[in-house]
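This is query-v2.json (JSON, C-alpha atoms and all ligand atoms).
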```
[["chain", "number", "residue", "atom", "x", "y", "z"],
["A", 7, "MET", "CA", 42.13, -10.03, 28.78],
["A", 8, "LYS", "CA", 38.86, -11.90, 28.19],
["A", 9, "LYS", "CA", 38.94, -15.69, 27.94],
["A", 10, "ILE", "CA", 36.73, -17.36, 25.35],
["A", 11, "PHE", "CA", 36.14, -21.11, 25.47],
["A", 12, "LEU", "CA", 34.66, -22.66, 22.32],
["A", 13, "ASP", "CA", 33.43, -26.23, 22.60],
["A", 14, "LYS", "CA", 33.18, -28.33, 19.45],
["A", 15, "GLY", "CA", 30.28, -30.69, 20.10],
["A", 16, "HIS", "CA", 31.15, -34.43, 20.02],
["A", 17, "GLY", "CA", 34.39, -35.75, 18.45],
["A", 18, "GLY", "CA", 36.53, -38.84, 18.20],
["A", 19, "SER", "CA", 34.62, -42.05, 18.86],
["A", 20, "ASP", "CA", 31.42, -39.98, 19.29],
["A", 21, "PRO", "CA", 30.43, -38.58, 15.88],
["A", 22, "GLY", "CA", 27.20, -37.02, 17.19],
["A", 23, "ALA", "CA", 24.30, -37.12, 14.76],
["A", 24, "VAL", "CA", 25.05, -38.68, 11.37],
["A", 25, "ALA", "CA", 22.90, -38.29, 8.24],
["A", 26, "ASN", "CA", 23.02, -37.22, 4.61],
["A", 27, "GLY", "CA", 26.73, -38.01, 4.42],
["A", 28, "LEU", "CA", 27.41, -35.53, 7.23],
["A", 29, "LYS", "CA", 28.75, -36.04, 10.76],
["A", 30, "GLU", "CA", 27.89, -33.59, 13.50],
["A", 31, "LYS", "CA", 31.45, -33.68, 14.91],
["A", 32, "ASP", "CA", 32.89, -32.47, 11.58],
["A", 33, "LEU", "CA", 30.40, -29.62, 11.25],
["A", 34, "THR", "CA", 30.96, -28.37, 14.81],
["A", 35, "HIS", "CA", 34.71, -28.49, 14.12],
["A", 36, "ARG", "CA", 34.27, -26.33, 10.98],
["A", 37, "ILE", "CA", 31.97, -23.82, 12.67],
["A", 38, "VAL", "CA", 34.25, -23.31, 15.68],
["A", 39, "GLU", "CA", 37.37, -23.04, 13.51],
["A", 40, "TYR", "CA", 35.66, -20.31, 11.47],
["A", 41, "ALA", "CA", 34.66, -18.55, 14.69],
["A", 42, "MET", "CA", 38.24, -18.64, 15.96],
["A", 43, "ASP", "CA", 39.68, -17.41, 12.65],
["A", 44, "TYR", "CA", 37.24, -14.49, 12.68],
["A", 45, "LEU", "CA", 38.00, -13.55, 16.29],
["A", 46, "GLN", "CA", 41.72, -13.66, 15.56],
["A", 47, "ALA", "CA", 41.38, -11.53, 12.44],
["A", 48, "ASN", "CA", 39.04, -8.87, 13.81],
["A", 49, "TYR", "CA", 39.42, -8.37, 17.55],
["A", 50, "THR", "CA", 41.97, -7.85, 20.30],
["A", 51, "GLY", "CA", 41.97, -8.16, 24.09],
["A", 52, "PHE", "CA", 41.13, -11.83, 24.38],
["A", 53, "ALA", "CA", 42.53, -15.33, 24.61],
["A", 54, "MET", "CA", 40.66, -18.34, 23.28],
["A", 55, "ARG", "CA", 40.70, -22.08, 23.65],
["A", 56, "THR", "CA", 38.76, -24.92, 22.14],
["A", 57, "SER", "CA", 37.87, -28.26, 23.67],
["A", 58, "ARG", "CA", 39.56, -30.17, 20.86],
["A", 59, "LYS", "CA", 42.01, -29.08, 18.15],
["A", 60, "GLY", "CA", 41.39, -32.21, 16.08],
["A", 61, "ASP", "CA", 39.18, -35.24, 16.44],
["A", 62, "GLU", "CA", 39.77, -36.09, 20.09],
["A", 63, "THR", "CA", 37.20, -37.92, 22.24],
["A", 64, "LEU", "CA", 36.10, -35.94, 25.31],
["A", 65, "THR", "CA", 33.42, -36.43, 27.93],
["A", 66, "LEU", "CA", 31.00, -33.61, 28.68],
["A", 67, "GLU", "CA", 32.54, -33.28, 32.15],
["A", 68, "GLN", "CA", 36.02, -32.88, 30.67],
["A", 69, "ARG", "CA", 34.80, -30.05, 28.45],
["A", 70, "ALA", "CA", 33.27, -28.18, 31.36],
["A", 71, "LYS", "CA", 36.33, -28.81, 33.54],
["A", 72, "MET", "CA", 38.68, -27.42, 30.87],
["A", 73, "ALA", "CA", 36.73, -24.16, 30.79],
["A", 74, "ASN", "CA", 36.38, -23.98, 34.59],
["A", 75, "ASP", "CA", 40.07, -24.71, 35.27],
["A", 76, "TRP", "CA", 41.12, -22.08, 32.75],
["A", 77, "GLY", "CA", 38.70, -19.52, 34.22],
["A", 78, "ALA", "CA", 36.94, -18.78, 30.95],
["A", 79, "ASP", "CA", 34.68, -15.71, 30.77],
["A", 80, "VAL", "CA", 32.28, -17.38, 28.34],
["A", 81, "PHE", "CA", 31.58, -20.94, 27.21],
["A", 82, "ILE", "CA", 29.91, -21.68, 23.87],
["A", 83, "SER", "CA", 29.13, -25.20, 22.72],
["A", 84, "ALA", "CA", 28.27, -25.66, 19.04],
["A", 85, "HIS", "CA", 26.02, -28.55, 17.95],
["A", 86, "ILE", "CA", 23.89, -29.71, 15.03],
["A", 87, "ASN", "CA", 20.36, -30.87, 15.71],
["A", 88, "ALA", "CA", 18.73, -34.16, 14.71],
["A", 89, "GLY", "CA", 15.17, -35.51, 14.71],
["A", 90, "LYS", "CA", 13.98, -34.45, 11.27],
["A", 91, "GLY", "CA", 12.97, -30.96, 12.34],
["A", 92, "THR", "CA", 14.11, -27.69, 10.82],
["A", 93, "GLY", "CA", 15.64, -24.47, 12.06],
["A", 94, "PHE", "CA", 17.90, -22.89, 14.66],
["A", 95, "GLU", "CA", 17.69, -22.85, 18.46],
["A", 96, "THR", "CA", 19.89, -21.94, 21.41],
["A", 97, "TYR", "CA", 20.01, -23.18, 25.01],
["A", 98, "VAL", "CA", 20.93, -21.89, 28.44],
["A", 99, "HIS", "CA", 20.59, -23.80, 31.72],
["A", 100, "PRO", "CA", 17.20, -23.53, 33.54],
["A", 101, "ASN", "CA", 19.02, -21.63, 36.34],
["A", 102, "ALA", "CA", 20.98, -19.47, 33.92],
["A", 103, "SER", "CA", 22.51, -16.19, 35.12],
["A", 104, "GLN", "CA", 21.48, -12.88, 33.56],
["A", 105, "ARG", "CA", 24.85, -12.86, 31.81],
["A", 106, "SER", "CA", 24.16, -16.28, 30.24],
["A", 107, "ILE", "CA", 20.80, -15.02, 29.02],
["A", 108, "ALA", "CA", 22.47, -11.90, 27.61],
["A", 109, "LEU", "CA", 24.96, -14.14, 25.77],
["A", 110, "GLN", "CA", 22.11, -16.28, 24.45],
["A", 111, "ASN", "CA", 20.25, -13.18, 23.22],
["A", 112, "VAL", "CA", 23.20, -11.72, 21.35],
["A", 113, "LEU", "CA", 24.33, -15.06, 19.86],
["A", 114, "HIS", "CA", 20.81, -16.03, 18.84],
["A", 115, "GLY", "CA", 20.27, -12.75, 16.99],
["A", 116, "GLU", "CA", 23.65, -12.72, 15.24],
["A", 117, "ILE", "CA", 23.53, -16.35, 14.13],
["A", 118, "LEU", "CA", 19.92, -16.35, 12.97],
["A", 119, "ALA", "CA", 20.53, -13.20, 10.89],
["A", 120, "ALA", "CA", 23.61, -14.80, 9.31],
["A", 121, "MET", "CA", 21.69, -18.00, 8.50],
["A", 122, "ARG", "CA", 18.82, -16.09, 6.91],
["A", 123, "GLN", "CA", 21.15, -14.64, 4.32],
["A", 124, "PHE", "CA", 21.12, -18.16, 2.86],
["A", 125, "GLY", "CA", 17.37, -18.72, 2.87],
["A", 126, "ASN", "CA", 14.34, -18.96, 5.07],
["A", 127, "VAL", "CA", 15.58, -20.45, 8.35],
["A", 128, "VAL", "CA", 13.02, -21.23, 11.06],
["A", 129, "ASP", "CA", 13.60, -19.61, 14.47],
["A", 130, "ARG", "CA", 12.88, -22.38, 16.99],
["A", 131, "GLY", "CA", 13.56, -19.99, 19.81],
["A", 132, "LYS", "CA", 15.70, -19.37, 22.87],
["A", 133, "LYS", "CA", 15.32, -22.40, 25.10],
["A", 134, "ARG", "CA", 16.44, -23.82, 28.44],
["A", 135, "ALA", "CA", 17.66, -27.33, 29.17],
["A", 136, "ASN", "CA", 19.61, -29.13, 31.86],
["A", 137, "TYR", "CA", 22.51, -30.07, 29.56],
["A", 138, "ALA", "CA", 25.69, -31.20, 31.31],
["A", 139, "VAL", "CA", 27.98, -28.59, 29.74],
["A", 140, "LEU", "CA", 25.56, -25.81, 30.73],
["A", 141, "ARG", "CA", 25.08, -27.20, 34.23],
["A", 142, "GLU", "CA", 28.74, -27.93, 35.00],
["A", 143, "THR", "CA", 30.30, -24.72, 33.66],
["A", 144, "LYS", "CA", 30.81, -21.83, 36.10],
["A", 145, "MET", "CA", 30.73, -19.00, 33.54],
["A", 146, "PRO", "CA", 28.03, -17.67, 31.16],
["A", 147, "ALA", "CA", 27.31, -20.62, 28.89],
["A", 148, "VAL", "CA", 25.23, -21.13, 25.75],
["A", 149, "LEU", "CA", 24.71, -24.15, 23.51],
["A", 150, "THR", "CA", 23.76, -23.57, 19.87],
["A", 151, "GLU", "CA", 21.87, -26.11, 17.72],
["A", 152, "ASN", "CA", 22.71, -25.08, 14.18],
["A", 153, "LEU", "CA", 19.98, -26.64, 11.99],
["A", 154, "PHE", "CA", 19.12, -30.33, 11.52],
["A", 155, "ILE", "CA", 21.49, -32.81, 9.96],
["A", 156, "ASP", "CA", 18.72, -35.26, 9.00],
["A", 157, "SER", "CA", 16.28, -32.98, 7.19],
["A", 158, "ASN", "CA", 16.28, -30.58, 4.26],
["A", 159, "ASP", "CA", 18.48, -28.33, 6.43],
["A", 160, "ALA", "CA", 21.39, -30.58, 5.41],
["A", 161, "LYS", "CA", 21.52, -28.68, 2.10],
["A", 162, "LEU", "CA", 22.71, -25.60, 3.96],
["A", 163, "LEU", "CA", 25.03, -27.63, 6.19],
["A", 164, "LYS", "CA", 26.78, -28.92, 3.07],
["A", 165, "ASN", "CA", 27.49, -25.33, 2.00],
["A", 166, "GLU", "CA", 30.93, -24.26, 3.26],
["A", 167, "ALA", "CA", 30.01, -20.56, 2.95],
["A", 168, "PHE", "CA", 27.08, -21.20, 5.25],
["A", 169, "LEU", "CA", 29.27, -22.87, 7.90],
["A", 170, "LYS", "CA", 31.70, -19.97, 7.66],
["A", 171, "ALA", "CA", 28.92, -17.39, 8.11],
["A", 172, "VAL", "CA", 27.56, -19.31, 11.10],
["A", 173, "GLY", "CA", 31.00, -19.53, 12.69],
["A", 174, "GLU", "CA", 31.65, -15.84, 12.14],
["A", 175, "ALA", "CA", 28.28, -14.95, 13.64],
["A", 176, "HIS", "CA", 29.23, -16.92, 16.78],
["A", 177, "ALA", "CA", 32.40, -14.80, 16.92],
["A", 178, "ARG", "CA", 30.56, -11.50, 16.51],
["A", 179, "GLY", "CA", 28.08, -12.42, 19.23],
["A", 180, "ILE", "CA", 30.85, -13.28, 21.68],
["A", 181, "ALA", "CA", 32.77, -10.10, 20.81],
["A", 182, "LYS", "CA", 29.65, -7.99, 21.34],
["A", 183, "LEU", "CA", 28.92, -9.47, 24.76],
["A", 184, "LEU", "CA", 32.53, -9.09, 25.92],
["A", 185, "GLY", "CA", 32.94, -5.67, 24.30],
["A", 186, "LEU", "CA", 36.13, -6.74, 22.54],
["A", 187, "PRO", "CA", 38.01, -3.91, 20.80],
["A", 188, "GLN", "CA", 38.08, -4.27, 17.03],
["A", 189, "LYS", "CA", 41.40, -4.44, 15.24],
["A", 190, "ALA", "CA", 42.13, -1.29, 13.25],
["A", 191, "LYS", "CA", 42.00, -2.13, 9.57],
["A", 192, "PRO", "CA", 43.07, 0.19, 6.78],
["A", 193, "THR", "CA", 40.49, 0.45, 4.02],
["A", 194, "PRO", "CA", 40.77, 2.11, 0.60],
["A", 195, "SER", "CA", 38.58, 4.99, 1.81],
["A", 196, "GLN", "CA", 41.20, 5.77, 4.48],
["A", 197, "PRO", "CA", 44.43, 6.12, 2.56],
["A", 198, "GLN", "CA", 47.52, 4.77, 4.29],
["A", 199, "GLN", "CA", 49.27, 8.08, 3.76],
["A", 200, "GLN", "CA", 47.51, 11.06, 5.18],
["A", 201, "LYS", "CA", 48.42, 14.66, 5.97],
["A", 202, "SER", "CA", 47.76, 15.45, 9.62],
["A", 203, "SER", "CA", 46.30, 18.79, 10.70],
["A", 204, "ASP", "CA", 49.79, 20.16, 11.40],
["A", 205, "GLY", "CA", 50.83, 19.47, 7.81],
["A", 206, "LYS", "CA", 53.12, 16.53, 8.59],
["A", 207, "LEU", "CA", 53.07, 13.52, 6.32],
["A", 208, "TYR", "CA", 53.05, 10.04, 7.79],
["A", 209, "ARG", "CA", 54.01, 7.01, 5.76],
["A", 210, "VAL", "CA", 53.29, 3.38, 6.55],
["A", 211, "GLN", "CA", 55.79, 0.68, 5.67],
["A", 212, "VAL", "CA", 54.16, -2.70, 5.06],
["A", 213, "GLY", "CA", 57.08, -4.99, 4.31],
["A", 214, "ALA", "CA", 60.85, -5.35, 4.01],
["A", 215, "PHE", "CA", 62.32, -7.98, 1.70],
["A", 216, "SER", "CA", 65.77, -9.15, 0.76],
["A", 217, "ASP", "CA", 64.39, -10.38, -2.57],
["A", 218, "ARG", "CA", 63.12, -7.63, -4.85],
["A", 219, "LYS", "CA", 60.61, -10.03, -6.47],
["A", 220, "ASN", "CA", 58.81, -10.41, -3.14],
["A", 221, "ALA", "CA", 58.67, -6.65, -2.71],
["A", 222, "GLU", "CA", 57.22, -6.26, -6.20],
["A", 223, "ARG", "CA", 54.65, -8.91, -5.49],
["A", 224, "LEU", "CA", 53.45, -7.09, -2.35],
["A", 225, "ALA", "CA", 53.44, -3.73, -4.16],
["A", 226, "GLU", "CA", 51.27, -5.30, -6.87],
["A", 227, "GLU", "CA", 48.93, -6.72, -4.20],
["A", 228, "LEU", "CA", 48.57, -3.29, -2.55],
["A", 229, "LYS", "CA", 47.89, -1.55, -5.88],
["A", 230, "LYS", "CA", 45.12, -4.04, -6.58],
["A", 231, "LYS", "CA", 43.56, -3.15, -3.24],
["A", 232, "GLY", "CA", 43.72, 0.56, -4.06],
["A", 233, "TYR", "CA", 46.80, 1.67, -2.11],
["A", 234, "PRO", "CA", 49.44, 3.72, -3.85],
["A", 235, "SER", "CA", 52.77, 1.95, -3.26],
["A", 236, "ILE", "CA", 56.42, 2.47, -4.08],
["A", 237, "ILE", "CA", 59.48, 0.30, -3.62],
["A", 238, "VAL", "CA", 62.48, 1.93, -1.95],
["B", 301, "ZN", "ZN", 25.17, -32.60, 19.57]]
```
Mind converting the file's structure to structure tokens?
Amino acid sequence: MKKIFLDKGHGGSDPGAVANGLKEKDLTHRIVEYAMDYLQANYTGFAMRTSRKGDETLTLEQRAKMANDWGADVFISAHINAGKGTGFETYVHPNASQRSIALQNVLHGEILAAMRQFGNVVDRGKKRANYAVLRETKMPAVLTENLFIDSNDAKLLKNEAFLKAVGEAHARGIAKLLGLPQKAKPTPSQPQQQKSSDGKLYRVQVGAFSDRKNAERLAEELKKKGYPSIIV
């Protein structure tokens, strides 16, 4: 069971950078929530925690301590940049382990590729800095700076689909590094009912309802998605 710790930068009385009607603490909340939703929906073999469920105020030391005390396998801190620049960058500590650097490499690639589906995003590179959360954490740790809140980048940061894609890319990067098994998902190209090589027929039941209306609703839903369905 791998343990994933996702840190939402800033929060509570510390909004982080503020510009263009945006607050860094809200954006990091959105990105991490999307990452967690995606992990939950697509992978198994892990547990995850975040530094704050809502808008709590936390020190940097508290964030690192939470991950250390839990024994997390990876620590990822999501932030939004400020200073009127443009683009995406990631950080590890100057004394980063090989595993931290591997996490930085995989996250950097996944996130940048996701961002570039929305336009030309500048790659500011894989960097090193003596940030408290990177210094104080005992596991592979990476901090992401997801565009600039106070430049033209804000246009993308106002796009919910962009935040979702960035969050999901964080999730894919983490899953890749940890080698998380993917959840099996039926798709229309793999019918739910298939003859095995020995000629047996296996059926999959997807729901049981006391109210026939609910059963009909689900059957309708399945038909729309291309699965033959019957109510028994
Ligand atoms: Zn920040």
> ligand ZN 301 (chain B): which residues are within 7 Å, counting all atoms listed in the file, as a PyMOL selection string?
Replying inline: chain A and resi 15-16+22-23+30+85-87
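Using all atoms listed in the file, the nearest neighbour of His35 (chain A) within the list A:Ser103, A:Asn111, A:Gln68, A:Ser83 is A:Ser83.
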>> Give me the residues near Ser19 (chain A) as a ChimeraX atom specification, where near means some atom within 10 Å (using all atoms listed in the file) and where sequence neighbours in that chain fewer than 6 positions away do not count.
In response: /A:31,61-64
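Counting all atoms listed in the file, the residue from A:Gly115, A:Gly77, A:Pro146, A:Pro21 that sits nearest to Arg178 (chain A) is A:Gly115.
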Please enclose the listed atoms of region 217-227 of chain A in an axis-aligned box, pad each side by 6 Å, and write out the centre and the three edge lengths in Å, rounded to one decimal, as AutoDock Vina command-line options.
```
--center_x 56.7 --center_y -7.1 --center_z -4.6 --size_x 27.5 --size_y 18.7 --size_z 16.5
```
>> Taking (54.4, -9.5, -4.6) as a centre in this file's frame and 12 Å as the limit, can you find every polymer residue with an atom that close, using all atoms listed in the file, and give them as a ChimeraX atom specification?
In response: /A:212-215,217-230,235,237
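CA of Glu39 (chain A) is found 9.3 Å from CA of Glu174 (chain A).
If you look at CA of Leu184 (chain A) and CA of Val80 (chain A), they are 8.6 Å away from each other.
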>> Report, in Å to a single decimal, how far apart CA of Lys71 (chain A) and CA of Leu186 (chain A) are.
In response: 24.7 Å
> Which residue, A:Gly17, A:Pro187, A:Pro234, A:Gly173, has the smallest gap to Arg36 (chain A) when you use only C-alpha atoms?
Replying inline: A:Gly173
> Got a sec: who's within 12 Å of Ile37 (chain A), counting only C-alpha atoms, leaving out chain neighbours fewer than 5 positions off, as a PyMOL selection string?
Replying inline: chain A and resi 12-15+30-32+42-44+56+82-86+117+150-152+163+165-177
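Closest approach to Ser57 (chain A) from the set A:Asn126, A:Thr96, A:Gln110, A:Thr34 is made by A:Thr34, with distances taken over all atoms listed in the file.
Each of A:Leu162, A:Leu45, A:Ile180, A:Leu140 was compared to Asp79 (chain A) using all atoms listed in the file, and A:Ile180 turns out to be the nearest.
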>> Set the distance at 10 Å and use all atoms listed in the file: which residues neighbour Gly27 (chain A) once local chain neighbours fewer than 5 positions away are removed? I'd like the list as a PyMOL selection string.
In response: chain A and resi 155-156+160+164
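Closest to Ala120 (chain A) among A:Phe94, A:Arg134, A:Glu67, A:Gly60 is A:Phe94, based on all atoms listed in the file.
Protein, DNA and RNA residues at most 12 Å from (16.5, -18.8, 2.6), with only C-alpha atoms, are these: Gly93, Leu118, Ala119, Ala120, Met121, Arg122, Gln123, Phe124, Gly125, Asn126, Val127, Val128, Asn158, Asp159, Lys161, Leu162 and Phe168 of chain A.
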Residues just named, written with C-alpha atoms as a CSV table (one decimal), in the frame of the given file:
```csv
chain,number,residue,atom,x,y,z
A,93,GLY,CA,15.6,-24.5,12.1
A,118,LEU,CA,19.9,-16.4,13.0
A,119,ALA,CA,20.5,-13.2,10.9
A,120,ALA,CA,23.6,-14.8,9.3
A,121,MET,CA,21.7,-18.0,8.5
A,122,ARG,CA,18.8,-16.1,6.9
A,123,GLN,CA,21.2,-14.6,4.3
A,124,PHE,CA,21.1,-18.2,2.9
A,125,GLY,CA,17.4,-18.7,2.9
A,126,ASN,CA,14.3,-19.0,5.1
A,127,VAL,CA,15.6,-20.4,8.4
A,128,VAL,CA,13.0,-21.2,11.1
A,158,ASN,CA,16.3,-30.6,4.3
A,159,ASP,CA,18.5,-28.3,6.4
A,161,LYS,CA,21.5,-28.7,2.1
A,162,LEU,CA,22.7,-25.6,4.0
A,168,PHE,CA,27.1,-21.2,5.2
```
